[in-house]
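Undergrad: This one is protein26.pdb, PDB, C-alpha atoms, pLDDT in the B column.
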ATOM      1  CA  MET A 583     -13.098 -15.565 -14.531  1.00 59.00           C
ATOM      2  CA  ALA A 584     -10.118 -16.547 -12.432  1.00 71.00           C
ATOM      3  CA  ASN A 585     -10.688 -18.570  -9.299  1.00 83.00           C
ATOM      4  CA  ILE A 586     -10.512 -15.748  -6.744  1.00 90.00           C
ATOM      5  CA  LYS A 587      -9.654 -17.225  -3.351  1.00 93.00           C
ATOM      6  CA  ASP A 588      -9.421 -13.938  -1.432  1.00 96.00           C
ATOM      7  CA  PRO A 589     -11.400 -11.031  -2.985  1.00 96.00           C
ATOM      8  CA  GLU A 590      -9.878  -8.541  -0.511  1.00 98.00           C
ATOM      9  CA  ASN A 591      -6.420  -9.424  -1.829  1.00 98.00           C
ATOM     10  CA  THR A 592      -7.202  -9.654  -5.525  1.00 98.00           C
ATOM     11  CA  LEU A 593      -7.128  -6.826  -8.071  1.00 98.00           C
ATOM     12  CA  VAL A 594      -9.157  -6.672 -11.266  1.00 98.00           C
ATOM     13  CA  MET A 595      -7.449  -4.405 -13.789  1.00 98.00           C
ATOM     14  CA  GLU A 596      -9.256  -3.503 -16.974  1.00 98.00           C
ATOM     15  CA  THR A 597      -6.753  -2.302 -19.579  1.00 98.00           C
ATOM     16  CA  THR A 598      -7.190  -1.060 -23.123  1.00 98.00           C
ATOM     17  CA  LYS A 599      -6.078  -4.589 -24.126  1.00 98.00           C
ATOM     18  CA  GLY A 600      -8.417  -6.523 -21.805  1.00 98.00           C
ATOM     19  CA  LYS A 601      -8.808  -7.779 -18.248  1.00 98.00           C
ATOM     20  CA  VAL A 602      -5.916  -8.750 -15.963  1.00 98.00           C
ATOM     21  CA  VAL A 603      -6.489 -10.370 -12.540  1.00 98.00           C
ATOM     22  CA  ILE A 604      -3.724 -10.005  -9.941  1.00 98.00           C
ATOM     23  CA  GLU A 605      -3.436 -11.958  -6.712  1.00 98.00           C
ATOM     24  CA  LEU A 606      -1.868  -9.793  -4.002  1.00 98.00           C
ATOM     25  CA  ARG A 607       0.754 -11.194  -1.637  1.00 98.00           C
ATOM     26  CA  PRO A 608       0.321  -9.322   1.666  1.00 98.00           C
ATOM     27  CA  ASP A 609       2.289 -12.138   3.303  1.00 98.00           C
ATOM     28  CA  LEU A 610       5.351 -10.887   1.366  1.00 98.00           C
ATOM     29  CA  ALA A 611       4.753  -7.130   1.159  1.00 98.00           C
ATOM     30  CA  PRO A 612       1.933  -5.988   3.471  1.00 98.00           C
ATOM     31  CA  ASN A 613       2.615  -2.242   3.187  1.00 98.00           C
ATOM     32  CA  HIS A 614       2.954  -2.296  -0.607  1.00 98.00           C
ATOM     33  CA  CYS A 615      -0.255  -4.310  -0.981  1.00 98.00           C
ATOM     34  CA  ALA A 616      -2.060  -1.878   1.338  1.00 98.00           C
ATOM     35  CA  ARG A 617      -0.812   1.092  -0.760  1.00 98.00           C
ATOM     36  CA  ILE A 618      -1.891  -0.465  -4.062  1.00 98.00           C
ATOM     37  CA  LYS A 619      -5.355  -1.220  -2.625  1.00 98.00           C
ATOM     38  CA  GLU A 620      -5.633   2.278  -1.120  1.00 98.00           C
ATOM     39  CA  LEU A 621      -4.810   3.941  -4.452  1.00 98.00           C
ATOM     40  CA  ALA A 622      -7.085   1.527  -6.351  1.00 98.00           C
ATOM     41  CA  ARG A 623      -9.984   2.330  -4.014  1.00 98.00           C
ATOM     42  CA  GLU A 624      -9.386   6.058  -4.579  1.00 98.00           C
ATOM     43  CA  GLY A 625      -9.558   5.496  -8.361  1.00 98.00           C
ATOM     44  CA  ALA A 626      -6.007   6.838  -8.619  1.00 98.00           C
ATOM     45  CA  TYR A 627      -4.920   4.237 -11.198  1.00 98.00           C
ATOM     46  CA  ASP A 628      -7.942   4.682 -13.491  1.00 98.00           C
ATOM     47  CA  GLY A 629      -6.732   6.187 -16.779  1.00 98.00           C
ATOM     48  CA  VAL A 630      -3.003   5.783 -16.036  1.00 98.00           C
ATOM     49  CA  VAL A 631      -0.809   4.930 -19.039  1.00 98.00           C
ATOM     50  CA  PHE A 632       1.752   2.163 -19.427  1.00 98.00           C
ATOM     51  CA  HIS A 633       4.633   4.583 -19.972  1.00 97.00           C
ATOM     52  CA  ARG A 634       7.596   2.182 -20.226  1.00 98.00           C
ATOM     53  CA  VAL A 635       7.135  -1.184 -21.898  1.00 98.00           C
ATOM     54  CA  ILE A 636      10.205  -3.209 -22.840  1.00 98.00           C
ATOM     55  CA  GLU A 637       9.904  -6.317 -25.029  1.00 97.00           C
ATOM     56  CA  GLY A 638      10.928  -9.468 -23.163  1.00 97.00           C
ATOM     57  CA  PHE A 639      11.164  -7.564 -19.866  1.00 98.00           C
ATOM     58  CA  MET A 640       8.222  -5.687 -18.391  1.00 98.00           C
ATOM     59  CA  ALA A 641       5.307  -3.234 -18.674  1.00 98.00           C
ATOM     60  CA  GLN A 642       5.499  -0.303 -16.232  1.00 98.00           C
ATOM     61  CA  THR A 643       2.591   1.901 -15.139  1.00 98.00           C
ATOM     62  CA  GLY A 644       1.238   3.586 -12.021  1.00 98.00           C
ATOM     63  CA  ASP A 645       2.414   7.199 -12.299  1.00 98.00           C
ATOM     64  CA  VAL A 646      -0.783   8.650 -10.852  1.00 98.00           C
ATOM     65  CA  LYS A 647       0.569  12.234 -11.081  1.00 98.00           C
ATOM     66  CA  PHE A 648       1.924  12.625 -14.640  1.00 98.00           C
ATOM     67  CA  GLY A 649       0.558   9.424 -16.216  1.00 98.00           C
ATOM     68  CA  LYS A 650      -3.161   9.774 -15.435  1.00 98.00           C
ATOM     69  CA  THR A 651      -4.805  10.853 -18.703  1.00 97.00           C
ATOM     70  CA  SER A 652      -7.721  12.552 -16.921  1.00 95.00           C
ATOM     71  CA  GLY A 653      -5.549  14.146 -14.230  1.00 95.00           C
ATOM     72  CA  PRO A 654      -4.713  17.862 -13.955  1.00 96.00           C
ATOM     73  CA  ASP A 655      -0.951  17.165 -14.213  1.00 97.00           C
ATOM     74  CA  PHE A 656      -1.091  14.664 -17.099  1.00 97.00           C
ATOM     75  CA  ASN A 657       2.038  15.056 -19.188  1.00 96.00           C
ATOM     76  CA  PRO A 658       3.040  12.222 -21.518  1.00 93.00           C
ATOM     77  CA  ASN A 659       6.609  13.542 -21.568  1.00 94.00           C
ATOM     78  CA  ARG A 660       6.851  13.308 -17.770  1.00 96.00           C
ATOM     79  CA  ALA A 661       4.922  10.041 -17.289  1.00 96.00           C
ATOM     80  CA  GLY A 662       7.123   7.841 -15.151  1.00 96.00           C
ATOM     81  CA  MET A 663       8.590  10.727 -13.147  1.00 96.00           C
ATOM     82  CA  GLY A 664       5.794  11.039 -10.600  1.00 97.00           C
ATOM     83  CA  GLY A 665       3.962   9.151  -7.917  1.00 97.00           C
ATOM     84  CA  SER A 666       1.140   9.806  -5.493  1.00 97.00           C
ATOM     85  CA  SER A 667       0.902  12.451  -2.787  1.00 96.00           C
ATOM     86  CA  LYS A 668       1.472   9.701  -0.208  1.00 98.00           C
ATOM     87  CA  PRO A 669       4.905   9.142   1.365  1.00 97.00           C
ATOM     88  CA  ASP A 670       7.346   6.713  -0.250  1.00 98.00           C
ATOM     89  CA  LEU A 671       7.381   3.175   1.107  1.00 98.00           C
ATOM     90  CA  LYS A 672      10.161   1.377   2.941  1.00 98.00           C
ATOM     91  CA  SER A 673      11.275  -1.595   0.829  1.00 98.00           C
ATOM     92  CA  GLU A 674       9.829  -5.026   1.578  1.00 98.00           C
ATOM     93  CA  PHE A 675      12.281  -7.146  -0.402  1.00 98.00           C
ATOM     94  CA  ASN A 676      11.354 -10.810  -0.180  1.00 97.00           C
ATOM     95  CA  ASN A 677      12.264 -14.246  -1.502  1.00 97.00           C
ATOM     96  CA  ALA A 678       9.595 -14.389  -4.233  1.00 98.00           C
ATOM     97  CA  LYS A 679      10.916 -14.797  -7.774  1.00 98.00           C
ATOM     98  CA  HIS A 680      10.355 -12.269 -10.563  1.00 98.00           C
ATOM     99  CA  THR A 681       8.950 -14.877 -12.953  1.00 98.00           C
ATOM    100  CA  ARG A 682       6.462 -14.263 -15.785  1.00 98.00           C
ATOM    101  CA  GLY A 683       3.428 -12.409 -14.397  1.00 98.00           C
ATOM    102  CA  ALA A 684       5.117 -11.097 -11.252  1.00 98.00           C
ATOM    103  CA  CYS A 685       3.965  -7.643 -10.117  1.00 98.00           C
ATOM    104  CA  SER A 686       6.589  -5.518  -8.423  1.00 98.00           C
ATOM    105  CA  MET A 687       7.106  -1.907  -7.370  1.00 98.00           C
ATOM    106  CA  ALA A 688       9.130   0.477  -9.486  1.00 98.00           C
ATOM    107  CA  ARG A 689      11.474   2.798  -7.629  1.00 97.00           C
ATOM    108  CA  ALA A 690      14.354   5.232  -8.067  1.00 95.00           C
ATOM    109  CA  GLN A 691      17.938   4.468  -6.959  1.00 95.00           C
ATOM    110  CA  ASP A 692      16.902   4.692  -3.303  1.00 97.00           C
ATOM    111  CA  PRO A 693      15.563   1.244  -2.326  1.00 96.00           C
ATOM    112  CA  HIS A 694      12.947   2.986  -0.144  1.00 97.00           C
ATOM    113  CA  SER A 695      11.524   5.193  -2.921  1.00 97.00           C
ATOM    114  CA  ALA A 696       8.617   3.051  -4.177  1.00 98.00           C
ATOM    115  CA  ASN A 697       5.370   5.012  -4.175  1.00 98.00           C
ATOM    116  CA  SER A 698       2.663   4.189  -6.745  1.00 98.00           C
ATOM    117  CA  GLN A 699       4.430   2.911  -9.868  1.00 98.00           C
ATOM    118  CA  PHE A 700       4.626  -0.789 -10.578  1.00 98.00           C
ATOM    119  CA  PHE A 701       5.515  -3.189 -13.329  1.00 98.00           C
ATOM    120  CA  ILE A 702       4.481  -6.627 -14.579  1.00 98.00           C
ATOM    121  CA  VAL A 703       7.217  -8.855 -15.977  1.00 98.00           C
ATOM    122  CA  PHE A 704       6.719 -10.502 -19.383  1.00 98.00           C
ATOM    123  CA  ASP A 705       9.477 -13.078 -18.938  1.00 97.00           C
ATOM    124  CA  ASN A 706      11.549 -14.308 -16.018  1.00 97.00           C
ATOM    125  CA  ALA A 707      13.589 -11.421 -14.599  1.00 97.00           C
ATOM    126  CA  THR A 708      15.124 -13.059 -11.544  1.00 97.00           C
ATOM    127  CA  PHE A 709      18.007 -10.549 -11.598  1.00 97.00           C
ATOM    128  CA  LEU A 710      15.473  -8.221  -9.916  1.00 98.00           C
ATOM    129  CA  ASP A 711      14.933 -10.607  -6.985  1.00 98.00           C
ATOM    130  CA  LYS A 712      15.543  -9.064  -3.544  1.00 97.00           C
ATOM    131  CA  GLN A 713      16.125  -5.637  -5.147  1.00 97.00           C
ATOM    132  CA  TYR A 714      12.507  -4.732  -5.938  1.00 98.00           C
ATOM    133  CA  THR A 715       9.429  -5.391  -3.814  1.00 98.00           C
ATOM    134  CA  LEU A 716       7.347  -8.129  -5.414  1.00 98.00           C
ATOM    135  CA  TRP A 717       3.741  -7.775  -4.198  1.00 98.00           C
ATOM    136  CA  GLY A 718       1.572  -9.855  -6.520  1.00 98.00           C
ATOM    137  CA  MET A 719       1.159 -12.265  -9.416  1.00 98.00           C
ATOM    138  CA  VAL A 720      -1.062 -12.195 -12.499  1.00 98.00           C
ATOM    139  CA  ILE A 721      -3.441 -15.177 -12.246  1.00 98.00           C
ATOM    140  CA  GLU A 722      -5.500 -14.373 -15.357  1.00 98.00           C
ATOM    141  CA  GLY A 723      -5.026 -12.189 -18.420  1.00 98.00           C
ATOM    142  CA  MET A 724      -1.265 -12.372 -19.055  1.00 98.00           C
ATOM    143  CA  GLU A 725      -2.148 -12.645 -22.745  1.00 98.00           C
ATOM    144  CA  ASN A 726      -3.598  -9.125 -22.414  1.00 98.00           C
ATOM    145  CA  VAL A 727      -0.439  -7.826 -20.721  1.00 98.00           C
ATOM    146  CA  ASP A 728       1.498  -9.321 -23.663  1.00 98.00           C
ATOM    147  CA  LYS A 729      -0.529  -7.116 -26.058  1.00 98.00           C
ATOM    148  CA  ILE A 730       0.429  -3.802 -24.374  1.00 98.00           C
ATOM    149  CA  LYS A 731       2.176  -1.474 -26.807  1.00 98.00           C
ATOM    150  CA  ARG A 732       5.975  -1.340 -26.412  1.00 98.00           C
ATOM    151  CA  GLY A 733       8.227   1.701 -26.112  1.00 96.00           C
ATOM    152  CA  GLU A 734      10.463   3.862 -23.910  1.00 92.00           C
ATOM    153  CA  PRO A 735       8.503   6.118 -23.899  1.00 90.00           C
ATOM    154  CA  VAL A 736       5.439   4.571 -25.528  1.00 95.00           C
ATOM    155  CA  ARG A 737       3.796   6.565 -28.325  1.00 93.00           C
ATOM    156  CA  ASP A 738      -0.018   6.568 -27.950  1.00 95.00           C
ATOM    157  CA  PRO A 739       0.262   4.237 -24.923  1.00 97.00           C
ATOM    158  CA  ASP A 740      -2.187   1.674 -23.621  1.00 98.00           C
ATOM    159  CA  LYS A 741      -3.622   2.413 -20.194  1.00 98.00           C
ATOM    160  CA  ILE A 742      -5.368   1.084 -17.136  1.00 98.00           C
ATOM    161  CA  VAL A 743      -9.067   1.743 -17.714  1.00 98.00           C
ATOM    162  CA  SER A 744      -9.860   0.785 -14.110  1.00 98.00           C
ATOM    163  CA  LEU A 745      -8.141  -0.967 -11.221  1.00 98.00           C
ATOM    164  CA  LYS A 746     -10.386  -2.299  -8.486  1.00 98.00           C
ATOM    165  CA  VAL A 747     -10.146  -4.557  -5.443  1.00 98.00           C
ATOM    166  CA  ALA A 748     -12.256  -7.646  -6.277  1.00 97.00           C
ATOM    167  CA  ALA A 749     -14.091  -7.381  -2.929  1.00 97.00           C
ATOM    168  CA  ASP A 750     -15.452  -3.966  -4.037  1.00 97.00           C
ATOM    169  CA  ILE A 751     -16.939  -5.190  -7.313  1.00 94.00           C
ATOM    170  CA  ALA A 752     -20.661  -5.812  -7.079  1.00 71.00           C
ATOM    171  CA  GLY A 753     -21.355  -9.138  -8.548  1.00 64.00           C
TER     172      GLY A 753
END
Could I get this file's structure written as structure tokens?
TA:
Amino acid sequence: MANIKDPENTLVMETTKGKVVIELRPDLAPNHCARIKELAREGAYDGVVFHRVIEGFMAQTGDVKFGKTSGPDFNPNRAGMGGSSKPDLKSEFNNAKHTRGACSMARAQDPHSANSQFFIVFDNATFLDKQYTLWGMVIEGMENVDKIKRGEPVRDPDKIVSLKVAADIAG
């Protein structure tokens, strides 16, 4: 298991490809980290598919409306078009680099439209720096992210089995 320094600011994501541990960066994006933790604690991400996965770029997930396989509005053809019922977030662009393992919020054209969707970059994608809110970094399990099935959209996609705040996991 990864060396978890701050369980309150660490996520443990079980995927259909294995475990991924993400260290949150509330120092860079406090509101985005709070939203991710809030949705994780509600179980909103459990069962959500990786709907857009581009080789050499990133794996995107987090559509808790249309991408949640057990949800009432699950629609594989619309996965990636929804968010949560919570209001969109004001951007928190920062100086962190979108290097391999970076976790960042997906959004529409409006820089203040991030809601629940996020992506993990496979390779350095520094062209995204200061345009997307980077809120965390994979500290264990990038080999499992690498195994996520590719596609735009993905046929028979991999998914988040569960996403939990490390502090909430009995251990």
Undergrad: Let me make sure I understand: among A:Gln642, A:Gly683, A:Ala661, A:Ala626, which one has the smallest atom-to-atom distance to Glu725 in chain A if we use only C-alpha atoms?
TA: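 Nearest candidate to Glu725 in chain A out of A:Gln642, A:Gly683, A:Ala661, A:Ala626: A:Gly683.
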Undergrad: From the list A:Phe704, A:Ile751, A:Gly718, A:Gln713, which residue is nearest Val635 in chain A when using only C-alpha atoms?
TA: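 Looking only at the distances to Val635 in chain A, the closest residue turns out to be A:Phe704.
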Undergrad: Could you spell out the hits of the PyMOL selection byres ((chain A and resi 666-676) around 6) on the shown file, as a PyMOL selection string?
TA: chain A and resi 611+646+665+677-678+694-698+712+715
Undergrad: Counting all atoms listed in the file, which residue out of A:Lys647, A:Thr592, A:Ser652, A:Met719 sits closest to His680 in chain A?
TA: A:Met719
Undergrad: Counting all atoms listed in the file, figure out which residue out of A:Ala752, A:Leu610, A:Leu621, A:Val603 gets nearest to Tyr714 in chain A.
TA: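 Of A:Ala752, A:Leu610, A:Leu621, A:Val603, the one nearest Tyr714 in chain A is A:Leu610, counting all atoms listed in the file.
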Undergrad: CA of Met687 in chain A and CA of Ile586 in chain A, how far apart in Å?
TA: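 Separating CA of Ile586 in chain A from CA of Met687 in chain A is a distance of 22.4 Å.
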Undergrad: Give as a VMD selection string the residues that the PyMOL selection byres ((chain A and resi 633) around 9) matches when applied to the coordinates above.
TA: chain A and resid 630 to 632 634 to 635 641 to 645 649 658 661 to 662 732 to 737 739 to 741
Undergrad: Give me the residues within 12 Å of Asn726 in chain A as an MDAnalysis selection string, counting only C-alpha atoms and dropping any in the same chain fewer than 3 places off.
TA: chainID A and resid 595:603 641 683 702 704 720:723 729:731 740:742
Undergrad: One number please: CA of Met724 in chain A to CA of Ser686 in chain A, in Å, one decimal.
TA: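 Computed distance, CA of Met724 in chain A to CA of Ser686 in chain A, equals 14.9 Å.
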Undergrad: Given the file shown, determine the residues that the PyMOL selection byres ((chain A and resi 639) around 6) selects; report them as a PyMOL selection string.
TA: chain A and resi 636-638+640+703-705
Undergrad: When you draw a straight line from CA of Glu620 in chain A to CA of Asn585 in chain A, how long is it in Å?
TA: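 So the answer is 23.0 Å.
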Undergrad: Name the closest residue to Glu605 in chain A among the candidates A:Glu590, A:Glu624, A:Asp750, A:Asp711; distances are taken between atoms, counting only C-alpha atoms.
TA: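 Between A:Glu590, A:Glu624, A:Asp750, A:Asp711, the residue approaching Glu605 in chain A most closely is A:Glu590.
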Undergrad: Given 8 Å of margin on each side, can you work out the centre and size in Å (one decimal) of an axis-aligned box holding every listed atom of range 615-629 of chain A, as JSON?
TA:
{"center_x": -5.1, "center_y": 1.3, "center_z": -7.7, "size_x": 25.7, "size_y": 27.1, "size_z": 34.1}
Undergrad: Because the input lacks atoms here, generate N, CA, C and O atoms for range 636-656 of chain A and report them as a tab-separated table (two decimals), in the frame of the given file.
TA:
chain	number	residue	atom	x	y	z
A	636	ILE	N	9.02	-2.68	-22.19
A	636	ILE	CA	10.20	-3.21	-22.84
A	636	ILE	C	9.99	-4.68	-23.21
A	636	ILE	O	9.73	-5.51	-22.34
A	637	GLU	N	10.09	-4.96	-24.51
A	637	GLU	CA	9.90	-6.32	-25.03
A	637	GLU	C	10.79	-7.31	-24.27
A	637	GLU	O	11.96	-7.05	-24.04
A	638	GLY	N	10.19	-8.43	-23.85
A	638	GLY	CA	10.93	-9.47	-23.16
A	638	GLY	C	11.25	-9.15	-21.72
A	638	GLY	O	11.88	-9.95	-21.04
A	639	PHE	N	10.83	-7.95	-21.23
A	639	PHE	CA	11.16	-7.56	-19.87
A	639	PHE	C	9.92	-7.25	-19.05
A	639	PHE	O	9.44	-8.09	-18.29
A	640	MET	N	9.35	-6.06	-19.25
A	640	MET	CA	8.22	-5.69	-18.39
A	640	MET	C	7.42	-4.53	-18.96
A	640	MET	O	7.86	-3.81	-19.85
A	641	ALA	N	6.20	-4.36	-18.38
A	641	ALA	CA	5.31	-3.23	-18.67
A	641	ALA	C	5.15	-2.44	-17.38
A	641	ALA	O	4.72	-2.98	-16.36
A	642	GLN	N	5.54	-1.16	-17.43
A	642	GLN	CA	5.50	-0.30	-16.23
A	642	GLN	C	4.38	0.73	-16.35
A	642	GLN	O	4.16	1.30	-17.40
A	643	THR	N	3.71	0.97	-15.22
A	643	THR	CA	2.59	1.90	-15.14
A	643	THR	C	2.53	2.46	-13.71
A	643	THR	O	3.44	2.23	-12.92
A	644	GLY	N	1.48	3.18	-13.40
A	644	GLY	CA	1.24	3.59	-12.02
A	644	GLY	C	1.65	4.99	-11.65
A	644	GLY	O	1.56	5.36	-10.48
A	645	ASP	N	2.10	5.80	-12.62
A	645	ASP	CA	2.41	7.20	-12.30
A	645	ASP	C	1.10	7.96	-12.23
A	645	ASP	O	0.59	8.44	-13.24
A	646	VAL	N	0.53	8.05	-11.02
A	646	VAL	CA	-0.78	8.65	-10.85
A	646	VAL	C	-0.75	10.18	-10.94
A	646	VAL	O	-1.79	10.81	-11.03
A	647	LYS	N	0.45	10.77	-10.94
A	647	LYS	CA	0.57	12.23	-11.08
A	647	LYS	C	0.65	12.64	-12.56
A	647	LYS	O	-0.22	13.33	-13.06
A	648	PHE	N	1.71	12.19	-13.25
A	648	PHE	CA	1.92	12.62	-14.64
A	648	PHE	C	1.37	11.65	-15.68
A	648	PHE	O	1.30	11.99	-16.86
A	649	GLY	N	1.00	10.43	-15.26
A	649	GLY	CA	0.56	9.42	-16.22
A	649	GLY	C	-0.94	9.21	-16.29
A	649	GLY	O	-1.42	8.41	-17.08
A	650	LYS	N	-1.70	9.94	-15.46
A	650	LYS	CA	-3.16	9.77	-15.44
A	650	LYS	C	-3.78	10.68	-16.49
A	650	LYS	O	-3.77	11.91	-16.34
A	651	THR	N	-4.33	10.08	-17.55
A	651	THR	CA	-4.80	10.85	-18.70
A	651	THR	C	-5.88	11.87	-18.35
A	651	THR	O	-5.97	12.91	-18.99
A	652	SER	N	-6.66	11.61	-17.30
A	652	SER	CA	-7.72	12.55	-16.92
A	652	SER	C	-7.27	13.48	-15.78
A	652	SER	O	-8.06	14.28	-15.29
A	653	GLY	N	-6.02	13.35	-15.36
A	653	GLY	CA	-5.55	14.15	-14.23
A	653	GLY	C	-5.10	15.54	-14.62
A	653	GLY	O	-4.72	15.78	-15.78
A	654	PRO	N	-5.09	16.47	-13.67
A	654	PRO	CA	-4.71	17.86	-13.96
A	654	PRO	C	-3.24	18.02	-14.35
A	654	PRO	O	-2.89	18.97	-15.03
A	655	ASP	N	-2.39	17.07	-13.93
A	655	ASP	CA	-0.95	17.16	-14.21
A	655	ASP	C	-0.50	16.21	-15.31
A	655	ASP	O	0.70	15.99	-15.49
A	656	PHE	N	-1.47	15.62	-16.06
A	656	PHE	CA	-1.09	14.66	-17.10
A	656	PHE	C	-0.10	15.29	-18.06
A	656	PHE	O	-0.32	16.39	-18.58
